[in-house]
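Enquirer: Sharing a structure, written as structure tokens. Questions coming.
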Amino acid sequence: MSYVIDRRLNGKNKSTVNRQRFLRRYRDHIKKAVEEAVSRRSITDMEHGEQISIPGRDIDEPVLHHGRGGKQTIVHPGNKEFTAGEQIARPQGGGGGGGGRGKAGNSGEGMDEFVFQITQEEFLEFMFEDLELPNLVKRHLNGTDTFKTVRAGISSEGNPSRINIVRTLRSAHARRIALTGSSRALLREAQAELERLKLEEPDNFGDIQAVEAEIVRLKARINRLPFLDTFDLKYNLLVKQPNPSSKAVMFCLMDVSGSMTQATKDVAKRFFILLYLFLKRNYDRIDVVFIRHHTSAREVDEEEFFYSRETGGTIVSSALKLMQEIMAERYPTNDWNIYAAQASDGDNWNDDSPVCRDILAKQIMPHVQYYTYVEITPREHQALWYEYERIGEAFPDTFAQQQLVSAGDIYPVFRELFQRRLAT
Amino acid sequence: MTARAQRRQPISTGSEWTFELIQTYDREISRLAARYALDTYPNQIEVITAEQMMDAYASVGMPLGYHHWSYGKQFLSTEKSYTRGQMGLAYEIVINSDPCIAYLMEENTMCMQALVIAHACYGHNSFFKGNYLFRTWTDATSIIDYLVFAKQYISQCEERHGIDAVEDLIDSCHALMNYGVDRYKRPYPISAEEERRRQKDREEHLQRQINDLWRTIPKGAEKGNEKDFARFPAEPQENILYFIEKHAPLLEPWQREVVRIVRKIAQYFYPQRQTQVMNEGWATFWHYTLMNDLYDEGLVTEGFMMEFLQSHTSVVFQPGYDSPYYNGINPYALGFAMYTDIRRMCEHPTEEDRRWFPDIAGSDWLSTLKFAMSSFKDESFILQYLSPKVIRDLKLFSILDDDQRDDLLVPAIHDESGYRVIREQLAAQYNLGNREPNVQIWSIDRRGDRSLTLRHQQHNRKPLGESTEEVLRHLHRLWGFDIHLESVEGDQVVKSHHMPPRSEHGDGLDYGRGDLAMAHRS
């Protein structure tokens with residue numbers, strides 16, 4: 001009479017499409033909320049989603065219903081003190097003797113905001129929407145380390161976990177039919193002969209016995225054939241296809257001279273993280289190279305890059321030289337998409353700035369996809385900024401510089417740097 | 001009763017459930033239900049996870065629905081309140097279909113599963129099969145097929161005409177969904193096969209009819225003239241969506257079909273909206289009765305009963321009007337109290353019952369109860385069966401809120417002189433006709449600007465709510481020409497709305513009919 005069905009393994013995301021539709025419809029609201037969130041929370045915790053709230057008024061579905069006013073009679077439970085015919089003062093706040101106007105839909109009335117959660121994936125999606133990596137050339141599409149396994153039919157060799165049972169048994173069956181064909185024809189003949197003998201010459205024991213022996217022999221021969229032979233085994237064949245992948249390397253260059261305070265470094269860090277997250281969405285594999293410099297440059301790991309204290313004067317060209325060396329050594333430009341982000345407070349040894357421009361213009365800019373320079377300072381620009389401006393003129397598509405004053409500027413500046421440009 | 005003396009042999013003792021146990025409990029409950037001759041559709045019990053329950057919840061209980069953002073919104077808010085523990089999930093969803101589909105949630109204990117089986121698979125199920133509203137208005141055998149058809153059709157439309165066009169159209173239909181039902185006329189049963197077959201013919205046929213209605217070339221001057229000036233429609237039309245589907249001048253055939261789908265689904269849910277108290281009360285009455293029977297036969301343990309009673313009491317809990325948890329009358333509580341009281345009146349009538357309910361007092365309780373279940377809707381059920389005892393127990397009183405007076409008045413409370421008044425007022429409160437504004441299609445200007453006039457018959461001077469403008473905007477999108485809405489008290493027009501608004505005619509507020517990309521047909 002009743003059937004019990006286990007549906008737990010069925011897809012649970014039946015509402016995914018509807019959810020997407022909802023997000024699609026309220027794109028603008030969500031984007032605004034995401035932008036606010038980005039500037040509010042520290043960029044190091046981009047690892048989770050975000051709570052979005054939308055004014056309830058904007059997402060209400062209108063229906064025809066009664067408004068307040070007129071003559072309304074409502075029955076309520078739980079009377080304690082009222083007697084029939086009693087007049088009572090209207091409660092403050094206009095409620096007609098407690099809420100509940102009878103319609104379930106009204107329970108949402110108290111909520112002004114519709115609040116819900118979006119996942120990290122969706123959060124980043126909204127965060128980087130309309131941004132793009134400039135000059136996203138997929139260089140040399142032969143990334144060597146990624147493969148995709150695809151099915152490529154059936155083979156007769158393989159490992160036991162890939163046995164294709166249906167094909168194996170089918171071929172065993174075919175083999176048995178093929179190899180026993182003649183024996184079975186003989187068997188049929190012998191059986192017919194035996195029938196005939198028994199019917200027509202029941203006394204001819206000699207012949208009957210001979211035929212019977214023949215039948216036993218044939219049956220044995222047929223049975224001797226193995227049910228399954230090694231060459232029946234069929235395997236699903238999987239082959240590895242090289243997967244063209246794009247690789248990118250991101251150079252983070254930061255000034256750690258005495259003039260950079262922890263606060264400035266923090267701003268720089270957030271900028272780098274944002275860039276990293278963004279690159280990660282576009283490339284399968286990303287290397288990050290951290291280069292810090294004061295008067296001399298050093299390649300360091302992440303921890304040291306952001307936290308170790310070290311001070312001194314500033315020679316920016318040292319970092320550029322190191323970057324150039326690393327590029328030449330480890331990241332051949334036909335294999336790698338190279339991005340660089342440099343953060344500094346703009347202080348530099350005055351004689352050094354023209355050297356920087358020289359290295360950049362001649363040795364670095366021709367090879368990189370995009371080079372961004374952010375100057376984190378509330379002060380006037382110095383020589384380095386003006387030298388870089390000239391690079392910007394020479395490489396308008398691949399070079400960009402912006403000034404950051406506080407953490408709040410990071411995201412807008414970031415958007416500015418990576419704003420999707422109209423196709424040229 | 002004899003069993004009570006026997007040694008208890010419970011079906012299970014732990015709180016874990018297994019499929020075998022569910023089957024055993026179902027078998028036992030089914031056996032007990034058979035003693036009361038509960039007539040049910042076959043049951044299809046589906047075990048699902050909490051996430052799946054949220055999915056089911058979000059699609060307002062339809063096992064499969066077309067895609068729309070509003071279901072996504074529902075899902076997001078369910079998900080949020082569930083994950084934050086603000087709300088437990090409904091432990092049952094049951095679908096009025098044949099076989100009757102009931103969902104059990106994986107997380108529930110064995111006791112809860114048994115409770116849900118009794119409640120949904122025997123309570124709701126027999127209500128769906130027995131109540132006259134469901135029998136006349138819905139067709140349990142074909143609903144699933146129809147939903148499949150609707151879903152496919154709408155996604156085809158999305159492919160063909162773009163998601164936005166379809167979404168806008170469905171938004172507009174949803175705004176008028178409550179006005180997409182025939183309240184009095186029995187609809188033809190729907191069948192997916194039939195729908196699919198007829199849908200093509202209908203497109204052509206409909207379009208032909210519409211072209212006729214809107215023909216602008218004069219039809220010879222003979223007797224057609226007189227008819228031309230007659231009001232159209234001749235009678236006011238309550239089913240606005242039906243009218244739109246048949247007569248809106250600019251809709252494309254596919255758009256009419258979508259209007260029809262929304263309308264059909266609204267019709268399917270219409271009985272549920274009218275029988276909340278009866279339906280939930282009936283299911284609650286039976287889970288209570290059946291679980292107690294299980295206990296009487298020694299099939300369940302005391303701990304099981306404690307757990308059951310705890311959730312039962314929270315289901316039928318009715319907070320008072322001054323409680324912070326108060327959110328109107330709890331349909332479970334009212335329904336359960338009424339059915340229980342009907343049984344009491346049959347079995348142990350008091351002198352008062354004999355006076356109030358001479359036909360019921362002392363009669364066979366089972367047949368009386370079944371008659372009550374099958375032949376009423378909330379409004380008439382309350383009018384017929386709400387007894388003084390239930391009114392006293394719930395301490396019902398009424399409040400008259402008249403905006404022309406300074407104070408609220410208490411017209412009646414739970415006493416001898418108030419019983420009848422309370423009963424009538426409570427019944428009226430469940431009358432959908434009172435709850436929803438009475439808005440009907442009054443006329444269309446066929447020879448002029450093709451505007452559509454609606455009439456709102458005011459009841460006790462109750463005005464229309466604040467989202468009226470918005471709804472009219474949606475109606476305007478469907479109709480394609482001006483909309484007028486007149487609120488009428490008696491014969492007098494007290495207020496009128498216009499879309500597009502009169503003052504700023506043609507201004508940007510309008511949804512515009514361009515966004516439906518409707519081509520003019522000549």
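Residue numbers start at 1 in each chain; chains themselves are named A, B, ... in the order of the structure tokens; ligands are numbered from 1 in the order shown.
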Give one line per residue of chain A that approaches chain B to at most 7 Å, naming the two atoms of the closest pair and their distance in Å to one decimal, counting only C-alpha atoms; sort by chain then ascending residue number and deliver it as a tab-separated table.
Expert:
```
residue	atom	partner	partner_atom	distance
A:Met1	CA	B:Pro42	CA	5.7
A:Ser2	CA	B:Asn43	CA	4.5
A:Tyr3	CA	B:Gln44	CA	4.8
A:Val4	CA	B:Ile45	CA	4.6
A:Ile5	CA	B:Glu46	CA	4.7
A:Asp6	CA	B:Val47	CA	5.0
A:Arg7	CA	B:Ile48	CA	5.3
A:Arg8	CA	B:Ile48	CA	4.6
A:Lys12	CA	B:Gln52	CA	5.0
A:Lys14	CA	B:Asp55	CA	6.0
A:Ser15	CA	B:Asp55	CA	5.6
A:Val17	CA	B:His67	CA	6.7
A:Asn18	CA	B:Gly72	CA	4.2
A:Arg19	CA	B:Gly72	CA	4.0
A:Arg21	CA	B:Trp69	CA	4.7
A:Phe22	CA	B:Trp69	CA	4.3
A:Glu61	CA	B:Ala175	CA	6.7
A:Pro62	CA	B:Ser467	CA	5.4
A:Val63	CA	B:Ala175	CA	5.1
A:Leu64	CA	B:Thr468	CA	5.7
A:His65	CA	B:Gly465	CA	5.2
A:His66	CA	B:Leu464	CA	4.6
A:Gly67	CA	B:Gly465	CA	3.7
A:Arg68	CA	B:Pro463	CA	6.9
A:Gly69	CA	B:Asp403	CA	5.6
A:Gly70	CA	B:Lys462	CA	4.2
A:Lys71	CA	B:Asp402	CA	4.4
A:Gln72	CA	B:Asp401	CA	5.2
A:Thr73	CA	B:Leu400	CA	4.4
A:Ile74	CA	B:Ile399	CA	5.4
A:Val75	CA	B:Ser398	CA	4.1
A:His76	CA	B:Phe397	CA	5.6
A:Pro77	CA	B:Leu396	CA	4.4
A:Gly78	CA	B:Gly320	CA	4.2
A:Asn79	CA	B:Lys395	CA	5.2
A:Thr83	CA	B:Ile413	CA	6.4
A:Ala84	CA	B:Ala412	CA	4.7
A:Gly85	CA	B:Pro411	CA	5.2
A:Glu86	CA	B:Val410	CA	5.3
A:Gln87	CA	B:Leu409	CA	4.7
A:Ile88	CA	B:Leu408	CA	5.2
A:Ala89	CA	B:Asp407	CA	4.8
A:Arg90	CA	B:Asp407	CA	5.5
A:Gly96	CA	B:Asp401	CA	6.5
A:Gly98	CA	B:Tyr321	CA	6.4
A:Gly99	CA	B:Asn327	CA	6.4
A:Gly100	CA	B:Gly328	CA	4.6
A:Arg101	CA	B:Gly328	CA	7.0
A:Gly102	CA	B:Gly328	CA	5.9
A:Phe116	CA	B:Leu76	CA	6.0
```
Enquirer: Take the residues that were just selected and, keeping C-alpha atoms, output them as a short mmCIF file (atom, residue, chain, number, x, y, z; two decimals), in the first residue's frame.
Expert:
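As a result, selection-v4.cif now contains:
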```cif
data_model
loop_
_atom_site.label_atom_id
_atom_site.label_comp_id
_atom_site.auth_asym_id
_atom_site.auth_seq_id
_atom_site.Cartn_x
_atom_site.Cartn_y
_atom_site.Cartn_z
CA MET A 1 0.00 0.00 0.00
CA SER A 2 2.75 2.46 0.91
CA TYR A 3 6.06 2.78 -0.86
CA VAL A 4 9.06 4.05 0.98
CA ILE A 5 11.65 5.65 -1.26
CA ASP A 6 15.07 6.85 -0.33
CA ARG A 7 15.54 10.14 -2.12
CA ARG A 8 18.51 11.35 -0.16
CA LYS A 12 19.78 18.42 -3.43
CA LYS A 14 16.91 21.74 -6.98
CA SER A 15 16.69 25.40 -6.09
CA VAL A 17 18.46 27.77 -10.70
CA ASN A 18 15.92 29.76 -8.74
CA ARG A 19 18.65 31.05 -6.50
CA ARG A 21 17.63 33.84 -10.90
CA PHE A 22 17.25 35.74 -7.69
CA GLU A 61 5.83 40.78 -4.61
CA PRO A 62 2.74 42.94 -4.75
CA VAL A 63 -0.72 41.50 -4.29
CA LEU A 64 -4.10 43.06 -3.85
CA HIS A 65 -4.92 43.13 -0.16
CA HIS A 66 -6.81 45.19 2.34
CA GLY A 67 -5.11 48.17 3.84
CA ARG A 68 -5.66 49.52 7.32
CA GLY A 69 -8.82 51.44 7.93
CA GLY A 70 -12.50 50.93 7.61
CA LYS A 71 -14.36 48.66 9.96
CA GLN A 72 -12.55 45.46 10.83
CA THR A 73 -13.59 42.81 13.28
CA ILE A 74 -11.01 40.32 14.40
CA VAL A 75 -11.39 37.37 16.76
CA HIS A 76 -8.50 36.79 19.13
CA PRO A 77 -7.80 34.00 21.63
CA GLY A 78 -6.77 34.17 25.26
CA ASN A 79 -9.13 36.77 26.69
CA THR A 83 -16.09 42.00 28.93
CA ALA A 84 -18.61 42.33 26.16
CA GLY A 85 -19.41 45.89 25.17
CA GLU A 86 -16.25 47.25 26.72
CA GLN A 87 -14.49 50.17 25.08
CA ILE A 88 -10.73 50.03 25.14
CA ALA A 89 -8.19 52.58 24.09
CA ARG A 90 -6.49 51.96 20.77
CA GLY A 96 -5.49 46.58 15.90
CA GLY A 98 -1.98 42.82 18.51
CA GLY A 99 -0.63 41.81 15.13
CA GLY A 100 -1.84 39.04 12.94
CA ARG A 101 -4.25 40.33 10.40
CA GLY A 102 -4.97 36.80 9.46
CA PHE A 116 20.69 36.33 2.94
#
```
Enquirer: Leaving out Glu307 of chain B and any residue of its chain fewer than 5 positions from it, which residues lie within 10 Å of it when counting only C-alpha atoms, given as number ranges by chain?
Expert: B: 15, 109, 111-112, 302, 312
Enquirer: Write the selection just made, keeping N, CA and C atoms, as a JSON list (two decimals), in the first residue's frame?
Expert:
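Final output, selection.json:
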```
[["chain", "number", "residue", "atom", "x", "y", "z"],
["B", 15, "SER", "N", 15.88, 5.74, 19.25],
["B", 15, "SER", "CA", 15.31, 6.84, 18.48],
["B", 15, "SER", "C", 15.79, 6.82, 17.04],
["B", 109, "THR", "N", 13.80, 11.79, 14.40],
["B", 109, "THR", "CA", 13.87, 10.54, 15.14],
["B", 109, "THR", "C", 12.77, 9.62, 14.66],
["B", 111, "CYS", "N", 10.37, 8.48, 16.31],
["B", 111, "CYS", "CA", 9.08, 8.93, 16.81],
["B", 111, "CYS", "C", 8.49, 9.98, 15.88],
["B", 112, "MET", "N", 9.35, 10.93, 15.47],
["B", 112, "MET", "CA", 8.86, 11.97, 14.57],
["B", 112, "MET", "C", 8.43, 11.38, 13.23],
["B", 302, "GLU", "N", 7.02, 4.21, 26.48],
["B", 302, "GLU", "CA", 6.62, 5.44, 27.17],
["B", 302, "GLU", "C", 7.46, 6.64, 26.72],
["B", 312, "HIS", "N", 3.56, 17.20, 19.87],
["B", 312, "HIS", "CA", 2.14, 17.44, 19.63],
["B", 312, "HIS", "C", 1.67, 18.72, 20.35]]
```
Enquirer: What's the separation between atom CA of His497 of chain B and atom CA of His484 of chain B, in Å to one decimal place?
Expert: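 Between atom CA of His497 of chain B and atom CA of His484 of chain B the gap works out to 5.8 Å.
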Enquirer: Per DSSP on the backbone, filter segment 165-355 of chain A down to the residues in alpha helix (DSSP H) and report them as a ChimeraX atom specification.
Expert: /A:165-200,205-224,262-282,302-307,316-330,352-355
Enquirer: In Å, rounded to a single decimal, give me how far atom CA of Ile144 of chain B is from atom CA of Ser97 of chain B.
Expert: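 Between atom CA of Ser97 of chain B and atom CA of Ile144 of chain B the gap works out to 7.1 Å.
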Enquirer: When you count only C-alpha atoms, which of these residues is closest to Ser487 of chain B: B:Met291, B:Val148, B:Val390, B:Leu454?
Expert: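 Among the listed residues, B:Leu454 lies closest to Ser487 of chain B.
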Enquirer: Neighbours of segment 10-14 of chain B within 9 Å (only C-alpha atoms; same-chain residues fewer than 2 positions away dropped), as a list in words?
Expert: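 Surrounding residues, per the criterion: Arg8, Glu16, Trp17, Leu21, Thr24, Tyr25, Thr109, Met110, Tyr295, Glu297, Gly298, Leu299, Val300, Thr301, Gly303 and Phe304 of chain B.
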Enquirer: Could you list, as a compact mmCIF listing (two decimals) with C-alpha atoms, in the first residue's frame, every residue within 12 Å of segment 180-194 of chain A, counting only C-alpha atoms and ignoring same-chain residues fewer than 2 positions away?
Expert:
```
# COMPACT_ATOMS: atom_id res chain seq x y z
CA HIS A 173 29.96 -15.53 -25.00
CA ALA A 174 30.97 -14.92 -28.59
CA ARG A 175 34.12 -16.96 -28.15
CA ARG A 176 32.18 -19.83 -26.68
CA ILE A 177 29.72 -19.79 -29.53
CA ALA A 178 32.48 -19.63 -32.10
CA ARG A 196 16.28 -42.46 -33.95
CA LEU A 197 18.10 -45.52 -32.67
CA LYS A 198 16.00 -45.72 -29.54
CA LEU A 199 12.87 -45.43 -31.59
CA GLU A 200 13.75 -47.65 -34.56
CA GLU A 201 16.34 -50.10 -33.28
CA PRO A 202 15.80 -50.31 -29.53
CA ASN A 204 20.88 -52.29 -31.10
CA PHE A 205 22.67 -51.76 -27.78
CA GLY A 206 26.11 -51.58 -29.34
CA ASP A 207 25.29 -48.62 -31.50
CA ILE A 208 23.30 -46.91 -28.79
CA GLN A 209 26.16 -47.22 -26.40
CA ALA A 210 28.59 -45.91 -28.97
CA VAL A 211 26.41 -42.94 -29.68
CA GLU A 212 25.92 -42.30 -25.98
CA ALA A 213 29.65 -42.39 -25.41
CA GLU A 214 30.07 -39.99 -28.29
CA ILE A 215 27.54 -37.62 -26.71
CA VAL A 216 29.33 -37.73 -23.38
CA ARG A 217 32.61 -37.04 -25.15
CA LEU A 218 31.18 -34.09 -27.07
CA LYS A 219 29.58 -32.62 -23.98
CA ALA A 220 32.82 -32.91 -22.12
CA ARG A 221 34.60 -31.20 -24.95
CA ILE A 222 32.12 -28.35 -24.92
CA ASN A 223 32.37 -28.03 -21.18
CA ARG A 224 36.10 -28.01 -21.28
CA LEU A 225 35.98 -24.68 -22.95
CA PRO A 226 36.60 -22.05 -20.21
CA PHE A 227 33.73 -19.79 -19.36
```
Enquirer: Using only C-alpha atoms, can you tell me which of B:Leu133, B:Met499, B:Leu115, B:Ile265 comes closest to Ala150 of chain B?
Expert: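 Answer, going by the shortest atom-to-atom distance: B:Ile265.
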Enquirer: Which residue, A:Asn348, A:Ser353, A:Ser171, A:Ser318, has the smallest gap to Ser257 of chain A when you use only C-alpha atoms?
Expert: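 Under the stated criterion, the closest residue is A:Asn348.
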Enquirer: Go through A:Phe82, A:Phe290, A:Tyr339, A:Phe305 one by one, measure the shortest atom-to-atom distance of each to Leu275 of chain A using only C-alpha atoms, and give the residue with the smallest value.
Expert: A:Tyr339
Enquirer: Could you check how far atom CA of Ser308 of chain A sits from atom CA of Met327 of chain A, in Å to one decimal?
Expert: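 Spanning atom CA of Ser308 of chain A to atom CA of Met327 of chain A is a straight-line distance of 24.6 Å.
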